[in-house]
Amino acid sequence: MRRRQNVQIRWLYDGEDSDVLEAQVLIRDTPSGEEMVVDVEDPEADSPYHMVGRRPPGRSCFVATNTARDRTADVWASWAEIDGEWVGRWTEAGCTSLFSFVF
C-alpha cells in the first residue's frame, strides 16, 4: 500500500474558476483489482469526500462515488494517470468539473 497526505487536488470549473483542496490518497491492491482512495476533509470543501476508486485488471482508469458518512453531496468521478499526473472528471449536483493531482 502506498499513502500520501497533503496531496493538493486542483478543480477547474467552466474553464475559468478553480479550487485547490488537500486530501489523503492511498493506493492498494485487492483481489478484484487496484483501488485508489481519495479522502478530502479540507474545511474549505463543500462536503467530506471519501472516494474509493476501483480499477479492474486491464483497465486504465479508476471509477468512484462519494461514500463519506456525513456527505452532503452525491459525487461520481473517474480518473487516470497521464504523464505522472492523475486527471479526471468530477460530477457533483449535476455539474461536471475537471480535477488533477500528483501522487
# chains A, B, ... in the order shown; residues from 1 in each chain; ligands from 1
>>> residues_around(residues="range 91-97 of chain A", least_positions_apart="5", cutoff="12 Å", atoms="only C-alpha atoms", output="PyMOL selection string")
chain A and resi 10-19+46-47+49+63-66+71-79
>>> write_last_selection(atoms="N, CA and C atoms", output="CSV table (one decimal), in the first residue's frame")
chain,number,residue,atom,x,y,z
A,10,ARG,N,-6.5,19.9,-7.6
A,10,ARG,CA,-7.0,21.1,-8.3
A,10,ARG,C,-8.2,20.8,-9.1
A,11,TRP,N,-9.3,21.6,-8.9
A,11,TRP,CA,-10.5,21.5,-9.6
A,11,TRP,C,-10.6,22.7,-10.6
A,12,LEU,N,-11.1,22.5,-11.8
A,12,LEU,CA,-11.3,23.5,-12.8
A,12,LEU,C,-12.7,23.5,-13.2
A,13,TYR,N,-13.4,24.6,-13.0
A,13,TYR,CA,-14.8,24.7,-13.3
A,13,TYR,C,-15.0,25.6,-14.5
A,14,ASP,N,-15.8,25.2,-15.5
A,14,ASP,CA,-16.2,26.0,-16.6
A,14,ASP,C,-15.0,26.6,-17.4
A,15,GLY,N,-13.8,26.0,-17.2
A,15,GLY,CA,-12.6,26.5,-17.9
A,15,GLY,C,-12.0,27.8,-17.3
A,16,GLU,N,-12.6,28.3,-16.2
A,16,GLU,CA,-12.1,29.6,-15.7
A,16,GLU,C,-11.8,29.5,-14.2
A,17,ASP,N,-12.9,29.2,-13.4
A,17,ASP,CA,-12.7,29.2,-11.9
A,17,ASP,C,-12.0,27.9,-11.5
A,18,SER,N,-11.2,28.0,-10.4
A,18,SER,CA,-10.6,26.8,-9.9
A,18,SER,C,-10.5,26.8,-8.4
A,19,ASP,N,-10.3,25.7,-7.8
A,19,ASP,CA,-10.2,25.5,-6.3
A,19,ASP,C,-9.0,24.5,-6.1
A,46,ASP,N,-17.0,21.6,0.2
A,46,ASP,CA,-18.4,21.7,0.4
A,46,ASP,C,-19.0,20.5,1.2
A,47,SER,N,-18.3,19.4,1.2
A,47,SER,CA,-18.7,18.2,1.8
A,47,SER,C,-17.5,17.3,2.1
A,49,TYR,N,-15.5,14.1,1.4
A,49,TYR,CA,-15.5,13.2,0.3
A,49,TYR,C,-14.6,12.0,0.6
A,63,VAL,N,-12.8,4.5,-11.1
A,63,VAL,CA,-14.2,5.0,-11.0
A,63,VAL,C,-14.7,4.9,-9.6
A,64,ALA,N,-15.3,6.0,-9.1
A,64,ALA,CA,-15.7,6.0,-7.7
A,64,ALA,C,-17.0,6.9,-7.5
A,65,THR,N,-17.6,6.7,-6.4
A,65,THR,CA,-18.7,7.5,-5.9
A,65,THR,C,-18.3,8.0,-4.4
A,66,ASN,N,-18.9,9.0,-4.0
A,66,ASN,CA,-18.7,9.5,-2.6
A,66,ASN,C,-19.4,8.6,-1.6
A,71,ARG,N,-21.6,12.9,4.2
A,71,ARG,CA,-21.6,13.6,3.0
A,71,ARG,C,-22.9,14.4,2.8
A,72,THR,N,-22.7,15.5,2.1
A,72,THR,CA,-23.9,16.3,1.8
A,72,THR,C,-24.1,16.4,0.3
A,73,ALA,N,-23.2,15.7,-0.4
A,73,ALA,CA,-23.3,15.7,-1.9
A,73,ALA,C,-23.0,14.3,-2.5
A,74,ASP,N,-23.8,13.9,-3.5
A,74,ASP,CA,-23.5,12.7,-4.2
A,74,ASP,C,-22.6,13.1,-5.3
A,75,VAL,N,-21.5,12.3,-5.5
A,75,VAL,CA,-20.5,12.6,-6.4
A,75,VAL,C,-20.1,11.3,-7.2
A,76,TRP,N,-19.9,11.5,-8.5
A,76,TRP,CA,-19.3,10.4,-9.3
A,76,TRP,C,-18.0,10.9,-9.9
A,77,ALA,N,-17.0,10.1,-9.9
A,77,ALA,CA,-15.7,10.6,-10.5
A,77,ALA,C,-15.0,9.5,-11.2
A,78,SER,N,-14.2,9.8,-12.2
A,78,SER,CA,-13.3,8.9,-12.8
A,78,SER,C,-12.0,9.6,-13.1
A,79,TRP,N,-10.9,8.8,-13.0
A,79,TRP,CA,-9.6,9.5,-13.2
A,79,TRP,C,-8.6,8.4,-13.7
>>> residues_around(residues="Arg2 in chain A", least_positions_apart="3", cutoff="7 Å", atoms="only C-alpha atoms", output="list in words")
Leu26, Ile27 and Arg28 of chain A
>>> write_last_selection(atoms="N, CA and C atoms", output="PDB file, in the first residue's frame")
ATOM      1  N   LEU A  26      -4.386   7.069  -1.048  1.00  0.00           N
ATOM      2  CA  LEU A  26      -3.661   5.805  -0.920  1.00  0.00           C
ATOM      3  C   LEU A  26      -4.044   4.875  -2.055  1.00  0.00           C
ATOM      4  N   ILE A  27      -3.101   4.019  -2.423  1.00  0.00           N
ATOM      5  CA  ILE A  27      -3.319   3.018  -3.463  1.00  0.00           C
ATOM      6  C   ILE A  27      -3.061   1.660  -2.826  1.00  0.00           C
ATOM      7  N   ARG A  28      -3.993   0.731  -3.064  1.00  0.00           N
ATOM      8  CA  ARG A  28      -3.841  -0.619  -2.513  1.00  0.00           C
ATOM      9  C   ARG A  28      -4.319  -1.647  -3.533  1.00  0.00           C
TER      10      ARG A  28
END
>>> closest_residue(among="A:Phe99, A:Thr30, A:Val25, A:Val87", to="Met51 in chain A", atoms="only C-alpha atoms")
A:Val25
>>> residues_around(residues="Arg59 in chain A", least_positions_apart="5", cutoff="10 Å", atoms="only C-alpha atoms", output="NGL selection string")
:A and (33-34 or 54 or 80)
>>> select_by_dssp(residues="chain A", states="strand (DSSP E)", output="PyMOL selection string")
chain A and resi 2-13+17-30+33-40+49-55+61-65+75-82+85-92+95-101
>>> atom_distance(atom1="CA of Glu41 in chain A", atom2="CA of Ser100 in chain A")
16.8 Å
>>> closest_residue(among="A:Asp70, A:Glu35, A:Asp29, A:Glu81", to="Gly53 in chain A", atoms="only C-alpha atoms")
A:Glu35
>>> closest_residue(among="A:Cys61, A:Val7, A:Ser32, A:Val38", to="Val20 in chain A", atoms="only C-alpha atoms")
A:Val7
>>> atom_distance(atom1="CA of Phe101 in chain A", atom2="CA of Thr67 in chain A")
20.1 Å
>>> atom_distance(atom1="CA of Val52 in chain A", atom2="CA of Met36 in chain A")
6.0 Å
